[in-house]
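File shown: upload39.cif (mmCIF, C-alpha atoms).
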```cif
data_structure
loop_
_atom_site.label_atom_id
_atom_site.label_comp_id
_atom_site.auth_asym_id
_atom_site.auth_seq_id
_atom_site.Cartn_x
_atom_site.Cartn_y
_atom_site.Cartn_z
CA MET Q 1 18.35 72.93 2.12
CA ASN Q 2 15.88 75.57 3.29
CA GLN Q 3 15.63 76.84 -0.29
CA ILE Q 4 14.74 73.35 -1.57
CA ILE Q 5 12.06 72.97 1.09
CA SER Q 6 10.71 76.39 0.19
CA ILE Q 7 10.52 75.44 -3.51
CA ILE Q 8 8.73 72.19 -2.69
CA ILE Q 9 6.21 73.94 -0.44
CA HIS Q 10 5.65 76.63 -3.07
CA PHE Q 11 5.00 73.97 -5.73
CA LEU Q 12 2.58 72.12 -3.46
CA LEU Q 13 0.68 75.35 -2.82
CA CYS Q 14 0.42 75.95 -6.56
CA ALA Q 15 -0.87 72.40 -7.01
CA LEU Q 16 -3.40 72.96 -4.23
CA GLU Q 17 -4.60 76.14 -5.93
CA ILE Q 18 -5.14 74.27 -9.20
CA TYR Q 19 -6.92 71.48 -7.33
CA MET Q 20 -9.26 73.97 -5.63
CA PHE Q 21 -10.12 75.40 -9.04
CA ASN Q 22 -10.75 71.84 -10.21
CA ILE Q 23 -13.13 71.26 -7.25
CA PHE Q 24 -14.98 74.48 -8.03
CA LEU Q 25 -15.64 73.65 -11.69
CA GLY Q 26 -16.12 69.94 -11.01
CA ALA Q 27 -19.14 70.74 -8.84
CA MET Q 28 -20.92 72.20 -11.90
CA PHE Q 29 -19.49 70.60 -15.04
CA LEU Q 30 -18.60 67.09 -16.21
CA LYS Q 31 -15.01 66.12 -16.92
CA ARG Q 32 -14.05 65.19 -20.44
CA LEU Q 33 -10.72 63.51 -19.63
CA SER Q 34 -9.74 60.16 -18.19
CA ARG Q 35 -8.01 60.07 -14.79
CA ARG Q 36 -4.57 59.73 -16.38
CA GLN Q 37 -5.17 62.59 -18.81
CA TRP Q 38 -6.48 64.76 -15.99
CA LEU Q 39 -3.38 64.02 -13.93
CA VAL Q 40 -1.13 65.11 -16.81
CA CYS Q 41 -3.05 68.40 -17.16
CA PHE Q 42 -3.04 68.92 -13.40
CA VAL Q 43 0.72 68.42 -12.97
CA THR Q 44 1.51 70.52 -16.05
CA ALA Q 45 -0.68 73.41 -14.87
CA SER Q 46 0.87 73.24 -11.38
CA CYS Q 47 4.40 73.40 -12.83
CA ILE Q 48 3.52 76.35 -15.07
CA GLN Q 49 1.95 78.27 -12.19
CA HIS Q 50 4.97 77.55 -9.98
CA ILE Q 51 7.35 78.88 -12.66
CA ILE Q 52 5.27 82.02 -13.29
CA ASN Q 53 4.92 82.79 -9.55
CA SER Q 54 8.64 82.39 -9.01
CA GLN Q 55 9.28 85.27 -11.45
CA GLY Q 56 7.67 87.70 -9.02
CA ILE Q 57 6.24 89.90 -11.80
CA LEU Q 58 2.72 91.02 -10.88
CA LEU Q 59 1.45 91.76 -14.41
CA LEU Q 60 2.88 88.50 -15.78
CA ASN Q 61 1.32 86.60 -12.92
CA PHE Q 62 -2.08 88.20 -13.47
CA VAL Q 63 -2.23 87.65 -17.24
CA VAL Q 64 -0.58 84.26 -17.65
CA ILE Q 65 -2.13 82.59 -14.59
CA SER Q 66 -5.60 83.75 -15.67
CA PHE Q 67 -5.03 82.35 -19.15
CA LEU Q 68 -3.65 79.12 -17.65
CA TYR Q 69 -6.80 78.58 -15.61
CA PHE Q 70 -8.96 79.31 -18.64
CA VAL Q 71 -7.09 76.73 -20.76
CA PHE Q 72 -7.24 74.20 -17.91
CA SER Q 73 -11.03 74.56 -17.69
CA MET Q 74 -11.44 74.12 -21.46
CA LEU Q 75 -9.23 71.03 -21.56
CA VAL Q 76 -10.58 69.26 -18.49
CA PHE Q 77 -14.31 70.05 -18.45
CA GLU Q 78 -17.24 69.96 -20.85
CA ILE Q 79 -17.76 73.70 -20.89
CA THR Q 80 -18.32 76.43 -23.46
CA VAL Q 81 -15.76 79.16 -24.11
CA LYS Q 82 -18.04 81.80 -22.60
CA ARG Q 83 -18.62 79.85 -19.42
CA ALA Q 84 -14.96 78.91 -19.13
CA PHE Q 85 -14.11 82.62 -19.20
CA VAL Q 86 -16.85 83.62 -16.77
CA TYR Q 87 -16.27 80.92 -14.16
CA THR Q 88 -12.50 81.31 -14.36
CA ALA Q 89 -12.98 85.01 -13.62
CA ILE Q 90 -15.42 84.21 -10.79
CA TYR Q 91 -12.98 81.81 -9.16
CA LEU Q 92 -9.95 84.09 -9.48
CA ILE Q 93 -11.83 87.14 -8.21
CA ILE Q 94 -13.63 85.51 -5.28
CA PHE Q 95 -11.48 82.58 -4.19
CA ALA Q 96 -8.02 83.78 -5.21
CA CYS Q 97 -7.91 87.58 -5.13
CA GLY Q 98 -10.48 87.91 -2.35
CA ARG Q 99 -8.66 85.37 -0.21
CA GLU Q 100 -5.29 87.00 -0.85
CA ALA Q 101 -6.60 90.44 0.10
CA ALA Q 102 -8.19 89.13 3.32
CA PHE Q 103 -5.13 87.22 4.48
CA GLU Q 104 -2.84 90.13 3.62
CA MET Q 105 -4.83 92.27 6.06
CA LEU Q 106 -4.56 89.49 8.65
CA TYR Q 107 -0.80 89.29 8.09
CA ARG Q 108 -0.41 93.02 8.65
CA LEU Q 109 -2.57 92.90 11.77
CA LEU Q 110 -0.51 90.04 13.24
CA VAL Q 111 2.82 91.71 12.46
CA ASN Q 112 1.69 95.00 13.99
CA THR Q 113 0.27 93.27 17.06
CA PHE Q 114 3.12 90.78 17.51
CA PRO Q 115 6.31 92.28 15.99
CA ARG Q 116 8.32 89.11 16.62
CA MET Q 117 5.98 87.17 14.33
CA GLU Q 118 7.50 88.93 11.32
CA ILE Q 119 10.82 87.29 12.11
CA VAL Q 120 9.19 83.85 12.33
CA ILE Q 121 7.31 84.37 9.08
CA SER Q 122 10.36 85.76 7.27
CA PHE Q 123 12.46 82.79 8.41
CA SER Q 124 10.38 80.44 6.28
CA ASP Q 125 9.93 82.98 3.49
CA GLY Q 126 6.28 83.21 4.54
CA MET Q 127 5.53 79.70 3.31
CA PHE Q 128 4.01 78.40 6.53
CA PHE Q 129 1.70 81.39 6.69
CA TYR Q 130 0.71 80.79 3.08
CA ALA Q 131 0.23 77.10 3.80
CA LEU Q 132 -2.24 77.98 6.55
CA GLU Q 133 -4.02 80.36 4.17
CA TYR Q 134 -4.34 77.74 1.44
CA LEU Q 135 -5.44 74.97 3.80
CA LEU Q 136 -8.21 77.10 5.29
CA SER Q 137 -9.32 78.07 1.79
CA PHE Q 138 -9.26 74.42 0.72
CA PHE Q 139 -11.61 73.36 3.52
CA PHE Q 140 -13.81 76.38 2.82
CA ILE Q 141 -14.27 75.47 -0.84
CA LEU Q 142 -14.94 71.85 0.12
CA TYR Q 143 -17.73 73.13 2.32
CA LEU Q 144 -19.13 75.26 -0.52
CA ARG Q 145 -19.01 72.42 -3.03
CA LYS Q 146 -22.24 70.80 -1.79
CA TYR Q 147 -24.07 74.08 -2.44
CA ILE Q 148 -22.40 74.72 -5.79
CA LYS Q 149 -23.54 71.27 -6.96
CA GLU Q 150 -27.16 72.32 -6.45
CA ILE Q 151 -26.88 75.21 -8.90
CA GLU Q 152 -28.49 74.34 -12.24
CA ILE Q 153 -26.37 75.31 -15.22
CA ARG Q 154 -28.66 75.62 -18.26
CA GLU Q 155 -28.22 76.92 -21.77
CA GLY Q 156 -29.15 80.56 -22.07
CA ASN Q 157 -28.79 81.09 -18.35
CA SER Q 158 -27.07 84.45 -17.82
CA ILE Q 159 -26.91 84.30 -14.04
CA GLU Q 160 -23.14 83.70 -14.09
CA TRP Q 161 -22.56 87.22 -15.45
CA TYR Q 162 -24.36 88.68 -12.44
CA LEU Q 163 -22.08 86.75 -10.10
CA LEU Q 164 -19.32 89.18 -11.08
CA ILE Q 165 -21.18 92.35 -10.12
CA MET Q 166 -20.44 92.35 -6.39
CA PRO Q 167 -17.11 90.46 -6.20
CA ALA Q 168 -15.26 92.52 -8.80
CA PRO Q 169 -15.65 95.97 -7.17
CA SER Q 170 -15.30 94.57 -3.63
CA VAL Q 171 -11.99 92.90 -4.48
CA LEU Q 172 -10.77 96.14 -6.09
CA ILE Q 173 -11.60 97.93 -2.85
CA SER Q 174 -9.74 95.30 -0.83
CA TYR Q 175 -6.71 95.52 -3.09
CA SER Q 176 -6.64 99.28 -2.75
CA PHE Q 177 -5.76 98.71 0.92
CA PHE Q 178 -2.41 97.27 -0.23
CA TYR Q 179 -1.31 100.72 -1.36
CA MET Q 180 -2.43 102.49 1.79
CA ASP Q 181 -0.50 102.86 4.98
CA PHE Q 182 -1.76 100.47 7.60
CA PRO Q 183 -3.38 102.63 10.32
CA GLU Q 184 -1.69 102.88 13.71
CA GLU Q 185 -4.92 102.70 15.68
CA LYS Q 186 -5.59 99.13 16.71
CA TYR Q 187 -9.36 99.33 16.27
CA LEU Q 188 -8.90 100.52 12.67
CA GLN Q 189 -6.50 97.67 11.97
CA ILE Q 190 -9.03 95.17 13.30
CA TRP Q 191 -11.77 96.95 11.36
CA MET Q 192 -9.86 96.68 8.06
CA CYS Q 193 -9.00 93.02 8.67
CA CYS Q 194 -12.58 92.09 9.54
CA GLY Q 195 -13.87 94.06 6.56
CA ALA Q 196 -11.56 92.22 4.17
CA PHE Q 197 -12.67 88.82 5.49
CA LEU Q 198 -16.32 89.83 5.40
CA LEU Q 199 -15.95 90.78 1.74
CA TYR Q 200 -14.25 87.45 1.04
CA PHE Q 201 -16.91 85.36 2.79
CA SER Q 202 -19.89 87.42 1.59
CA ASN Q 203 -18.85 86.97 -2.04
CA ALA Q 204 -18.47 83.22 -1.52
CA VAL Q 205 -21.82 83.02 0.30
CA ILE Q 206 -23.48 83.89 -3.02
CA PHE Q 207 -23.07 80.23 -3.96
CA ILE Q 208 -24.77 79.09 -0.75
CA ILE Q 209 -27.71 81.38 -1.54
CA LEU Q 210 -27.90 80.11 -5.12
CA GLY Q 211 -27.71 76.52 -3.89
CA HIS Q 212 -30.63 77.02 -1.52
CA PHE Q 213 -32.55 78.86 -4.24
CA SER Q 214 -32.03 75.99 -6.69
CA GLN Q 215 -33.21 73.48 -4.08
CA ALA Q 216 -36.33 75.56 -3.42
CA MET Q 217 -37.09 75.87 -7.14
CA ASN Q 218 -36.65 72.12 -7.60
CA ARG Q 219 -39.08 71.45 -4.76
CA VAL Q 220 -41.60 73.81 -6.39
CA LYS Q 221 -41.13 72.08 -9.72
CA ILE Q 222 -41.61 68.63 -8.17
CA ALA Q 223 -44.72 69.85 -6.36
CA GLU Q 224 -46.18 71.25 -9.59
CA LEU Q 225 -45.43 68.05 -11.49
CA SER Q 226 -46.88 65.95 -8.67
CA LEU Q 227 -50.07 68.02 -8.79
CA LEU Q 228 -50.19 67.60 -12.56
CA LYS Q 229 -49.67 63.85 -12.10
CA LYS Q 230 -52.63 63.69 -9.70
CA VAL Q 231 -54.79 65.57 -12.20
CA MET Q 232 -53.74 63.18 -14.93
CA GLU Q 233 -54.45 60.16 -12.74
CA LYS Q 234 -57.89 61.58 -12.00
CA GLU Q 235 -58.55 62.11 -15.69
CA ASN Q 236 -57.33 58.60 -16.41
CA PHE Q 237 -59.64 57.16 -13.74
CA GLU Q 238 -62.56 59.04 -15.27
CA ASN Q 239 -61.42 57.76 -18.65
CA ILE Q 240 -61.45 54.17 -17.38
CA THR Q 241 -64.92 54.64 -15.87
CA LYS Q 242 -66.21 56.04 -19.15
CA ILE Q 243 -64.72 53.18 -21.16
CA ASN Q 244 -66.20 50.66 -18.75
CA ASN Q 245 -69.63 52.25 -19.10
CA VAL Q 246 -69.33 52.18 -22.89
CA TYR Q 247 -68.25 48.55 -22.75
CA ARG Q 248 -71.19 47.63 -20.51
CA LYS Q 249 -73.60 49.47 -22.81
CA TYR Q 250 -72.42 47.62 -25.90
CA MET Q 251 -72.36 44.27 -24.09
CA HIS Q 252 -75.88 44.93 -22.85
CA ASP Q 253 -77.15 45.71 -26.36
CA ILE Q 254 -75.11 43.17 -28.30
CA HIS Q 255 -77.72 40.40 -28.07
CA GLN Q 256 -80.26 42.84 -29.53
CA TYR Q 257 -77.91 43.52 -32.44
CA PHE Q 258 -77.47 39.81 -33.13
CA TYR Q 259 -81.24 39.25 -32.98
CA GLN Q 260 -81.78 42.08 -35.48
CA PHE Q 261 -79.01 40.72 -37.74
CA LYS Q 262 -80.68 37.30 -37.73
CA SER Q 263 -84.12 38.72 -38.51
CA LEU Q 264 -82.87 41.03 -41.26
CA ALA Q 265 -80.71 38.30 -42.81
CA SER Q 266 -83.68 35.92 -42.99
CA SER Q 267 -85.66 38.67 -44.70
CA GLY Q 268 -82.86 39.46 -47.18
CA GLU Q 269 -82.38 43.00 -45.81
CA SER Q 270 -78.61 43.08 -46.29
CA GLU Q 271 -78.46 46.86 -46.74
CA ALA Q 272 -80.11 47.39 -43.36
CA ILE Q 273 -77.51 45.12 -41.76
CA VAL Q 274 -74.71 47.16 -43.36
CA ASP Q 275 -76.26 50.42 -42.08
CA ILE Q 276 -76.44 49.06 -38.53
CA ILE Q 277 -72.83 47.88 -38.65
CA ASP Q 278 -71.66 51.24 -40.05
CA GLY Q 279 -73.47 53.09 -37.27
CA TRP Q 280 -72.01 50.77 -34.67
CA GLU Q 281 -68.51 51.27 -36.10
CA ASN Q 282 -68.90 55.06 -36.07
CA ASN Q 283 -69.93 54.96 -32.43
CA LEU Q 284 -66.85 52.90 -31.61
CA LYS Q 285 -64.59 55.34 -33.46
CA ARG Q 286 -65.93 58.22 -31.40
CA GLU Q 287 -64.76 56.38 -28.29
CA GLU Q 288 -61.35 55.52 -29.76
CA SER Q 289 -59.59 58.48 -28.23
CA ASN Q 290 -60.60 57.29 -24.77
CA ARG Q 291 -59.03 53.84 -24.97
CA LEU Q 292 -56.20 52.74 -22.73
CA TYR Q 293 -52.75 52.74 -24.33
CA THR Q 294 -50.50 51.48 -21.54
CA ASP Q 295 -50.68 50.55 -17.88
CA SER Q 296 -49.24 53.98 -17.02
CA ALA Q 297 -51.91 56.50 -16.00
CA VAL Q 298 -49.61 59.40 -16.88
CA VAL Q 299 -48.75 58.16 -20.38
CA ASN Q 300 -52.41 57.35 -21.09
CA SER Q 301 -53.39 60.90 -20.13
CA LEU Q 302 -50.61 62.40 -22.24
CA LEU Q 303 -51.52 60.36 -25.33
CA SER Q 304 -55.26 60.90 -24.87
CA GLY Q 305 -54.72 64.63 -24.39
CA CYS Q 306 -52.53 64.77 -27.49
CA TYR Q 307 -55.18 62.86 -29.49
CA ASP Q 308 -57.98 65.22 -28.41
CA ASN Q 309 -55.81 68.28 -29.00
CA ALA Q 310 -54.88 67.09 -32.49
CA LYS Q 311 -58.47 66.31 -33.45
CA GLU Q 312 -59.56 69.72 -32.23
CA LYS Q 313 -56.99 71.32 -34.53
CA LYS Q 314 -58.00 69.12 -37.49
CA ILE Q 315 -54.82 67.08 -37.42
CA ASP Q 316 -54.91 63.47 -38.63
CA ILE Q 317 -53.28 61.49 -35.84
CA ASP Q 318 -52.44 57.81 -35.54
CA ILE Q 319 -51.18 56.31 -32.30
CA PHE Q 320 -49.62 52.85 -32.08
CA VAL Q 321 -48.57 51.51 -28.70
CA GLU Q 322 -47.12 48.04 -28.38
CA ASP Q 323 -48.75 45.74 -25.87
CA ALA Q 324 -47.03 45.00 -22.55
CA LEU Q 325 -44.77 48.05 -22.60
CA ASP Q 326 -42.40 48.36 -19.65
CA LEU Q 327 -42.59 51.98 -18.44
CA GLY Q 328 -42.02 51.36 -14.75
CA PHE Q 329 -38.35 52.38 -14.84
CA ILE Q 330 -39.27 56.00 -15.75
CA GLN Q 331 -40.47 58.29 -12.99
CA ASP Q 332 -43.90 59.83 -13.57
CA VAL Q 333 -42.63 63.41 -13.31
CA ASP Q 334 -40.04 62.59 -15.99
CA LYS Q 335 -42.71 61.06 -18.24
CA ILE Q 336 -44.61 64.34 -18.09
CA SER Q 337 -41.59 66.44 -19.03
CA MET Q 338 -40.03 64.03 -21.52
CA PHE Q 339 -43.05 62.78 -23.49
CA GLY Q 340 -45.25 65.81 -22.90
CA ASN Q 341 -42.77 68.28 -24.43
CA LEU Q 342 -42.32 66.18 -27.56
CA LEU Q 343 -46.06 65.64 -28.05
CA ASP Q 344 -46.77 69.36 -27.64
CA ASN Q 345 -44.05 70.19 -30.16
CA ALA Q 346 -45.51 67.79 -32.71
CA VAL Q 347 -49.02 69.24 -32.40
CA GLU Q 348 -47.73 72.83 -32.64
CA ALA Q 349 -45.64 72.00 -35.72
CA ALA Q 350 -48.41 70.09 -37.52
CA GLU Q 351 -50.94 72.86 -36.79
CA GLU Q 352 -48.87 75.29 -38.85
CA CYS Q 353 -49.41 73.19 -41.97
CA GLU Q 354 -52.34 73.71 -44.31
CA GLU Q 355 -55.53 71.77 -43.63
CA GLY Q 356 -55.34 68.35 -45.24
CA SER Q 357 -51.57 68.22 -44.69
CA ARG Q 358 -51.67 68.11 -40.90
CA LYS Q 359 -50.54 64.66 -39.80
CA ILE Q 360 -48.96 63.05 -36.77
CA ASN Q 361 -47.89 59.42 -36.39
CA ILE Q 362 -46.91 58.26 -32.92
CA LYS Q 363 -45.29 54.92 -32.16
CA MET Q 364 -44.20 53.57 -28.80
CA PHE Q 365 -42.61 50.15 -28.66
CA MET Q 366 -39.78 48.13 -27.14
CA GLY Q 367 -36.71 48.06 -29.39
CA ASN Q 368 -35.57 45.14 -27.28
CA LYS Q 369 -36.34 43.96 -23.77
CA HIS Q 370 -34.28 46.80 -22.31
CA CYS Q 371 -34.84 49.69 -24.76
CA LEU Q 372 -38.00 51.79 -25.09
CA VAL Q 373 -38.49 53.67 -28.38
CA PHE Q 374 -40.83 56.67 -28.64
CA ARG Q 375 -41.07 57.90 -32.24
CA ILE Q 376 -43.08 60.87 -33.51
CA GLU Q 377 -43.51 61.77 -37.18
CA ASN Q 378 -45.27 65.06 -37.87
CA THR Q 379 -45.66 67.31 -40.86
CA TRP Q 380 -43.58 70.47 -40.72
CA THR Q 381 -43.44 73.65 -42.79
CA LYS Q 382 -40.56 75.66 -41.35
CA ASN Q 383 -36.83 75.28 -41.39
CA LEU Q 384 -35.13 74.71 -38.08
CA CYS Q 385 -33.13 77.48 -36.46
CA ARG Q 386 -29.96 76.10 -34.94
CA ASP Q 387 -27.24 77.36 -32.62
CA GLY Q 388 -24.73 74.56 -32.94
CA GLU Q 389 -26.61 71.45 -31.81
CA LYS Q 390 -29.21 73.51 -29.99
CA LEU Q 391 -32.62 74.04 -31.59
CA LEU Q 392 -34.21 77.46 -31.37
CA SER Q 393 -37.87 78.37 -31.61
CA THR Q 394 -39.10 79.74 -34.93
CA LYS Q 395 -41.70 81.94 -33.24
CA LYS Q 396 -41.37 85.71 -33.18
CA ASP Q 397 -41.02 85.75 -29.40
CA ALA Q 398 -38.52 82.92 -29.43
CA GLY Q 399 -37.10 84.04 -26.12
CA ASN Q 400 -40.33 82.97 -24.41
CA HIS Q 401 -40.96 79.80 -26.44
CA GLY Q 402 -38.46 76.97 -26.53
CA LEU Q 403 -38.92 73.71 -28.37
CA GLY Q 404 -38.59 71.78 -25.14
CA ILE Q 405 -35.92 69.65 -26.77
CA GLY Q 406 -33.27 70.41 -24.17
CA ILE Q 407 -35.36 69.05 -21.29
CA SER Q 408 -36.27 65.89 -23.18
CA ARG Q 409 -32.65 65.29 -24.19
CA GLU Q 410 -31.43 65.69 -20.61
CA LEU Q 411 -34.05 63.24 -19.36
CA ALA Q 412 -33.22 60.76 -22.14
CA GLU Q 413 -29.58 60.84 -21.07
CA LYS Q 414 -30.70 60.37 -17.47
CA TYR Q 415 -32.23 57.05 -18.53
CA ASN Q 416 -29.15 55.98 -20.55
CA GLY Q 417 -30.79 56.93 -23.82
CA SER Q 418 -30.71 59.57 -26.52
CA LEU Q 419 -32.87 61.94 -28.53
CA GLU Q 420 -32.48 62.14 -32.31
CA LEU Q 421 -34.09 64.74 -34.59
CA GLU Q 422 -34.38 64.40 -38.34
CA GLU Q 423 -35.98 66.27 -41.24
CA GLN Q 424 -37.29 64.31 -44.23
CA GLY Q 425 -38.99 66.69 -46.63
CA ASP Q 426 -42.29 67.80 -45.12
CA TRP Q 427 -41.85 65.41 -42.19
CA PHE Q 428 -40.06 66.08 -38.94
CA ILE Q 429 -39.07 62.90 -37.09
CA THR Q 430 -38.29 62.72 -33.38
CA THR Q 431 -36.91 59.48 -31.96
CA LEU Q 432 -36.51 59.16 -28.21
CA MET Q 433 -34.80 56.08 -26.81
CA THR Q 434 -34.45 55.17 -23.15
CA ALA Q 435 -32.93 52.10 -21.52
CA ARG Q 436 -33.53 50.35 -18.22
#
```

With the file now loaded, output its structure as structure tokens.
Amino acid sequence: MNQIISIIIHFLLCALEIYMFNIFLGAMFLKRLSRRQWLVCFVTASCIQHIINSQGILLLNFVVISFLYFVFSMLVFEITVKRAFVYTAIYLIIFACGREAAFEMLYRLLVNTFPRMEIVISFSDGMFFYALEYLLSFFFILYLRKYIKEIEIREGNSIEWYLLIMPAPSVLISYSFFYMDFPEEKYLQIWMCCGAFLLYFSNAVIFIILGHFSQAMNRVKIAELSLLKKVMEKENFENITKINNVYRKYMHDIHQYFYQFKSLASSGESEAIVDIIDGWENNLKREESNRLYTDSAVVNSLLSGCYDNAKEKKIDIDIFVEDALDLGFIQDVDKISMFGNLLDNAVEAAEECEEGSRKINIKMFMGNKHCLVFRIENTWTKNLCRDGEKLLSTKKDAGNHGLGIGISRELAEKYNGSLELEEQGDWFITTLMTAR
């Protein structure tokens, strides 16, 4: 009977270990499985770990359990092979090996301080002691989860490799204590136990530091975008004032134009009338870049800035914006990142073409009453560099220049939309769709 209870407790502890690993990865990556599929993987992994642990072979345990966790992460979460390997290693080193080393020191301290406790622990095959260890670890990782969620996992981010620098050697040091005689002096026993726990907690605290750092960086980013938004709103206000002044000027002079048209027409001076109209039209064209596109100050500034930038670089640009666009469901800071990146990319790409072949066509319209479509067609001379679905910069210092596609795609998905890229001969077409 005691053996059956021991087996059940051992299995539950294995299941709890798998679940803690699931919590750790789930704070950073999305799951790819349904609840039923996840349950099948969870139970299967728990059974395999229970069977491997029951063999009592250290090398087998180390190799197979590590591989099991790696496979579990690949099956359950949307994660690359590299990151599955790295974060599996991080979890096993910090939250499994580090915990085991710390609690082993505690076990030795308790047995040396209270000799009768060894009898109590041995009676249950150590399961109750292990249960306490796993429960404390479970609550600890639940506490850390809120900080782990704040860490931004981006493509090309190599910070996860640095997370292994401190934990790996510190856990090796802790494990070396297993093969040393436990000192007889009480203060040294307490010193070793405290040191093991400090190593365990200090390695885990890395995630708290990274969480706070990510929060701080996000606040800085929001502050910068808010400042940029204010600048854009100021520019838009100045733009409106300028347009209003132009409008008032033409309205003030329009009766003079009509009087001159009447006089010239009665005199048969049709060519003079045509010259006046042509001059008037040219003046209006010069003000075209300053017109209002939407009721969004941010989008107006982005489109006006793109227009001016394109004209400065001798790029033929045409902007069509449908009337009564609904842009209120998109936050202003997201408009800056999402639309701004794509507009900058189009100008940079078209600029590389020869003069006379530099063209950009921009269209913004409602696909239906819920879907906003932002389409950019620009001439393009270079082939795309790809890493899977990821686009890479074609510049020499590509490490410092991204195409900004990743940010725009993430924001499109945030608004239940998508970003599609297409090459058609000399034209590169970007279609961004967002939904309310």

**Message:** Given the point (-45.1, 71.0, -38.9) in the file's coordinates, find the residues that have an atom at most 10 Å from it, counting only C-alpha atoms, and give them as a ChimeraX atom specification.
**Reply:** /Q:345-354,357-360,377-383,426-428

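Using only C-alpha atoms, the shortest contact distance between Asn203 in chain Q and any of Q:Ala131, Q:Ile4, Q:Ala216, Q:Pro169 is found at Q:Pro169.
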
**Complete:** Using only C-alpha atoms, the shortest atom-to-atom distance to Phe374 in chain Q among Q:Gln37, Q:Asn416, Q:Thr434, Q:Asn112 belongs to Q:Thr434

**Request:** Please indicate the distance in Å from CA of Phe201 in chain Q to CA of Tyr143 in chain Q, rounded to one decimal place.
**Result:** 12.3 Å

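Residues lying within 10 Å of Val71 in chain Q, counting only C-alpha atoms and ignoring same-chain neighbours fewer than 5 positions away, are Q:Cys41, Q:Ala45, Q:Ile65, Q:Ser66, Q:Val76, Q:Val81, Q:Ala84, Q:Phe85, Q:Thr88.
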
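As for CA of Ala324 in chain Q and CA of Gly305 in chain Q, they are spaced 21.2 Å apart.
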
**Item:** Polymer residues at most 12 Å from Arg99 in chain Q, only C-alpha atoms, same-chain spacing of 3 or more positions, as JSON, numbers by chain
**Value:** {"Q": [17, 91, 92, 93, 94, 95, 96, 102, 103, 104, 105, 106, 130, 132, 133, 134, 135, 136, 137, 138, 140, 141, 167, 170, 171, 174, 175, 193, 196, 197, 198, 199, 200, 201, 202, 203, 204]}

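The smallest atom-to-atom distance between Met364 in chain Q and any of Q:Val333, Q:Ile319, Q:Leu59, Q:Ile206, using only C-alpha atoms, is found for Q:Ile319.
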
**Atomic distance CA of Val86 in chain Q - CA of Met20 in chain Q, expressed in Å with one decimal** = 16.6 Å

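Candidate residues Q:Gln424, Q:Leu432, Q:Met338, Q:Ser214 were compared for distance to Ser408 in chain Q, and the nearest is Q:Met338, using all atoms listed in the file.
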
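Distances here use all atoms listed in the file; by that measure, the residue among Q:Gln189, Q:Thr44, Q:Ser54, Q:Ser73 closest to Thr113 in chain Q is Q:Gln189.
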
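In this comparison, which uses all atoms listed in the file, the residue of Q:Leu39, Q:Glu322, Q:Asn61, Q:Gln260 approaching Ile277 in chain Q most closely is Q:Gln260.
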
Residues returned when the PyMOL selection byres ((chain Q and resi 31-36) around 10) runs on this file, as a JSON list (two decimals) with C-alpha atoms, in the frame of the given file:
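Output contents, as saved in selection_35.json:
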```json
[["chain", "number", "residue", "atom", "x", "y", "z"],
["Q", 22, "ASN", "CA", -10.75, 71.84, -10.21],
["Q", 25, "LEU", "CA", -15.64, 73.65, -11.69],
["Q", 26, "GLY", "CA", -16.12, 69.94, -11.01],
["Q", 28, "MET", "CA", -20.92, 72.20, -11.90],
["Q", 29, "PHE", "CA", -19.49, 70.60, -15.04],
["Q", 30, "LEU", "CA", -18.60, 67.09, -16.21],
["Q", 37, "GLN", "CA", -5.17, 62.59, -18.81],
["Q", 38, "TRP", "CA", -6.48, 64.76, -15.99],
["Q", 39, "LEU", "CA", -3.38, 64.02, -13.93],
["Q", 40, "VAL", "CA", -1.13, 65.11, -16.81],
["Q", 41, "CYS", "CA", -3.05, 68.40, -17.16],
["Q", 42, "PHE", "CA", -3.04, 68.92, -13.40],
["Q", 73, "SER", "CA", -11.03, 74.56, -17.69],
["Q", 74, "MET", "CA", -11.44, 74.12, -21.46],
["Q", 75, "LEU", "CA", -9.23, 71.03, -21.56],
["Q", 76, "VAL", "CA", -10.58, 69.26, -18.49],
["Q", 77, "PHE", "CA", -14.31, 70.05, -18.45],
["Q", 78, "GLU", "CA", -17.24, 69.96, -20.85],
["Q", 79, "ILE", "CA", -17.76, 73.70, -20.89]]
```
